[in-house]
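Listing of run19.cif, mmCIF, C-alpha atoms and all ligand atoms
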```
data_protein
loop_
_atom_site.label_atom_id
_atom_site.label_comp_id
_atom_site.auth_asym_id
_atom_site.auth_seq_id
_atom_site.Cartn_x
_atom_site.Cartn_y
_atom_site.Cartn_z
CA MET A 214 0.00 0.00 0.00
CA ARG A 215 1.39 3.38 -1.00
CA TRP A 216 0.30 6.95 -0.40
CA LYS A 217 1.69 9.81 -2.43
CA ILE A 218 1.29 13.18 -0.75
CA SER A 219 1.70 16.35 -2.82
CA ILE A 220 2.12 19.81 -1.41
CA GLU A 221 1.75 22.84 -3.66
CA GLY A 222 2.52 26.41 -2.79
CA SER A 223 2.41 29.69 -4.62
CA ASP A 224 3.68 33.17 -3.94
CA GLU A 225 3.64 36.68 -5.34
CA ILE A 226 6.77 36.37 -7.49
CA THR A 227 7.58 32.83 -8.60
CA ARG A 228 5.59 30.27 -10.54
CA GLY A 229 4.87 28.17 -7.51
CA HIS A 230 6.34 25.15 -5.85
CA ARG A 231 5.47 21.53 -5.49
CA PHE A 232 7.00 18.65 -3.62
CA GLU A 233 5.91 15.12 -3.06
CA PHE A 234 6.68 12.34 -0.69
CA GLU A 235 5.47 8.79 -0.34
CA ILE A 236 4.56 6.55 2.52
CA GLU A 237 4.60 2.85 1.87
CA ARG A 238 3.39 -0.08 3.95
CA SER A 239 3.40 -3.72 3.04
CA LEU A 240 0.67 -6.14 4.02
CA ASP A 241 3.24 -7.77 6.30
CA ASP A 242 3.71 -4.41 8.07
CA LEU A 243 -0.04 -4.16 8.58
CA ALA A 244 -0.31 -7.73 9.82
CA ALA A 245 2.50 -6.97 12.27
CA GLY A 246 0.42 -4.15 13.75
CA SER A 247 1.83 -1.17 11.90
CA LEU A 248 -1.40 0.81 11.62
CA GLY A 249 -1.24 4.49 10.78
CA LEU A 250 1.80 6.74 11.04
CA SER A 251 4.41 6.47 13.73
CA ILE A 252 5.59 9.49 15.68
CA ASP A 253 8.91 9.34 13.84
CA GLU A 254 7.16 9.28 10.46
CA GLY A 255 5.01 12.25 11.48
CA LYS A 256 8.10 14.17 12.61
CA ALA A 257 9.90 13.34 9.36
CA ILE A 258 6.93 14.58 7.32
CA MET A 259 6.71 17.83 9.30
CA ALA A 260 10.49 18.35 9.10
CA SER A 261 10.38 17.91 5.32
CA LEU A 262 7.41 20.26 5.00
CA GLN A 263 9.10 22.82 7.23
CA ARG A 264 12.32 22.64 5.21
CA HIS A 265 10.48 23.25 1.93
CA ILE A 266 8.42 26.12 3.34
CA VAL A 267 11.38 27.88 5.00
CA GLU A 268 13.54 27.47 1.88
CA GLN A 269 10.83 28.96 -0.33
CA GLN A 270 10.07 31.79 2.08
CA CYS A 271 13.75 32.73 2.27
CA ALA A 272 14.16 32.51 -1.52
CA LEU A 273 11.10 34.71 -2.01
CA TYR A 274 12.38 37.29 0.48
CA VAL A 275 15.77 37.38 -1.28
CA LEU A 276 13.99 38.04 -4.60
CA PHE A 277 11.98 40.80 -2.94
CA ARG A 278 15.12 42.43 -1.48
CA ARG A 279 17.03 42.19 -4.78
CA HIS A 280 14.46 44.48 -6.33
CA CYS A 281 15.51 48.13 -5.91
CA GLN A 282 12.62 50.18 -4.54
CA GLY A 283 14.17 53.34 -5.99
CA CYS A 284 14.58 52.49 -9.68
CA GLY A 285 13.18 49.00 -10.14
CA GLY A 286 16.63 47.60 -10.96
CA THR A 287 18.23 44.54 -9.47
CA ARG A 288 20.79 44.61 -6.69
CA PRO A 289 23.90 42.59 -7.58
CA ILE A 290 24.88 39.58 -5.49
CA LYS A 291 28.28 39.80 -3.84
CA ASP A 292 28.52 36.19 -2.74
CA TYR A 293 26.61 33.28 -1.25
CA SER A 294 26.79 31.54 2.08
CA THR A 295 24.34 29.44 4.03
CA ARG A 296 22.42 30.16 7.19
CA THR A 297 21.00 27.55 9.52
CA ILE A 298 17.68 28.42 11.14
CA GLN A 299 16.38 26.52 14.15
CA THR A 300 12.68 25.68 13.87
CA VAL A 301 10.32 23.62 15.96
CA TYR A 302 10.67 20.84 13.37
CA GLY A 303 14.45 20.87 13.23
CA ALA A 304 17.23 22.93 11.74
CA VAL A 305 16.88 24.18 8.19
CA THR A 306 19.92 25.37 6.23
CA VAL A 307 19.16 27.85 3.47
CA GLU A 308 21.17 29.66 0.82
CA SER A 309 21.91 33.20 1.97
CA PRO A 310 23.32 35.65 -0.58
CA ARG A 311 24.81 39.03 0.32
CA LEU A 312 23.58 41.88 -1.86
CA TYR A 313 25.22 45.14 -2.88
CA PRO A 314 23.12 48.28 -3.04
CA CYS A 315 21.62 49.13 -6.42
CA ARG A 316 24.47 50.34 -8.68
CA ARG A 317 22.26 52.99 -10.33
CA CYS A 318 20.90 54.49 -7.12
CA MET A 319 24.03 54.10 -4.98
CA PRO A 320 27.08 53.90 -7.25
CA GLY A 321 30.38 53.26 -5.51
CA VAL A 322 28.81 52.12 -2.26
CA ASP A 323 30.09 48.72 -1.21
CA PHE A 324 28.24 47.78 1.98
CA THR A 325 26.15 44.65 1.72
CA ILE A 326 22.88 43.43 3.11
CA THR A 327 21.97 39.82 3.85
CA PRO A 328 18.22 39.38 3.37
CA VAL A 329 18.01 36.04 5.19
CA SER A 330 19.68 37.64 8.23
CA GLU A 331 17.11 40.42 8.13
CA LEU A 332 14.35 37.85 7.98
CA CYS A 333 15.65 35.77 10.87
CA PRO A 334 18.33 37.68 12.80
CA ASP A 335 18.47 35.27 15.74
CA ARG A 336 18.55 32.17 13.51
CA ALA A 337 15.37 30.74 14.99
CA THR A 338 11.68 30.81 14.25
CA ALA A 339 9.29 31.67 17.02
CA ASP A 340 6.59 29.31 18.15
CA PRO A 341 4.65 30.49 21.21
CA HIS A 342 3.51 26.94 21.90
CA CYS A 343 6.99 25.42 21.83
CA ALA A 344 7.88 24.00 25.21
CA CYS A 345 11.42 22.90 24.41
CA ARG A 346 12.87 25.69 26.57
CA THR A 347 16.00 25.94 24.48
CA SER A 348 17.92 29.15 24.03
CA CYS A 349 16.95 29.30 20.35
CA CYS A 350 13.25 29.43 21.18
CA HIS A 351 13.76 31.88 24.03
CA ALA A 352 15.72 34.19 21.72
CA ALA A 353 13.00 33.96 19.10
CA LEU A 354 10.26 34.62 21.59
CA ALA A 355 12.11 37.63 23.02
CA ARG A 356 11.86 39.47 19.70
ZN ZN B 401 18.01 51.47 -7.91
#
```
Could you write out this structure as structure tokens?
Ligand SMILES: [Zn+2]
Amino acid sequence: MRWKISIEGSDEITRGHRFEFEIERSLDDLAAGSLGLSIDEGKAIMASLQRHIVEQQCALYVLFRRHCQGCGGTRPIKDYSTRTIQTVYGAVTVESPRLYPCRRCMPGVDFTITPVSELCPDRATADPHCACRTSCCHAALAR
């Protein structure tokens, strides 16, 4: 027995996103008492869903920040790094480019901004119902 689960998302800029995952059980599994999802399977599904959502949200925010509000141009990318964000469903590592200011509006200025850092400066998402009591959640809740 196999279940294919599809998740589709859309946003204001990109064409949309889709990911799929499958859950499979044999008749032997069922006969052995494996009915429904285990806690570990549920956690794995939520971790995968969280990873996809956070990655897409960060990518969308980077696209938004690359757009110059002054002239409509595109801010150049200086370089890429990654940023790991703690969430209630596990750590998610996302691509995190640094952007120069718009060359037309601010020629010769070399400071950079990092949109993903703006989005999540303490590297953690906030969940008011999280009871893990870790420093990442406390930092997020203190915002
Ligand atoms: Zn500009």
Kindly compile the residues surrounding ligand ZN 401 (chain B) within 10 Å, counting all atoms listed in the file, and format them as a list in words.
->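 The residues near ligand ZN 401 (chain B) are Arg279, His280, Cys281, Gln282, Gly283, Cys284, Gly285, Gly286, Thr287, Arg288, Pro314, Cys315, Arg316, Arg317, Cys318, Met319 and Pro320 of chain A.
Interatomic distance, CA of Asp253 (chain A) to CA of Lys217 (chain A): 17.8 Å.
Selection around (9.8, 21.6, 14.7) with radius 8 Å, counting only C-alpha atoms, yields the residues Lys256, Met259, Ala260, Gln263, Thr300, Val301, Tyr302 and Gly303 of chain A.
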Using all atoms listed in the file, pick whichever of A:Gly246, A:Gly222, A:Gly229, A:Pro310 has the shortest atom-to-atom distance to Ile326 (chain A).
->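 Looking at the shortest contact to Ile326 (chain A), the residue is A:Pro310.
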Nearest to Ile266 (chain A) among A:Thr295, A:Ile220, A:Ser309, A:Ile252, with distances taken over all atoms listed in the file: which residue is it?
-> A:Ile220
As a check of understanding: the span from CA of Glu233 (chain A) to CA of Ser219 (chain A) is 4.4 Å
Between CA of Ala304 (chain A) and CA of Ile218 (chain A) - distance in Å to one decimal =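 If I compute the distance from CA of Ile218 (chain A) to CA of Ala304 (chain A), I get 22.5 Å.
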12 Å contact set for Met214 (chain A), only C-alpha atoms, chain neighbours under 2 positions out, as a ChimeraX atom specification = /A:216-217,235-243,248-249
Close residues, Phe277 (chain A) itself excluded, 10 Å, all atoms listed in the file, min 6 positions apart in chain, as JSON, numbers by chain = {"A": [225, 226, 271, 287, 328]}
Excluding Asp224 (chain A) and any residue of its chain fewer than 3 positions from it, enumerate the residues within 9 Å of it, using all atoms listed in the file, and give them as a PyMOL selection string.
-> chain A and resi 227-230+270+273
Surrounding residues of Ala272 (chain A) excluding itself and chain neighbours under 4 positions, 9 Å, all atoms listed in the file, as a list in words | Val267, Glu268, Leu276, Phe277, Val307, Glu308, Ser309 and Val329 of chain A
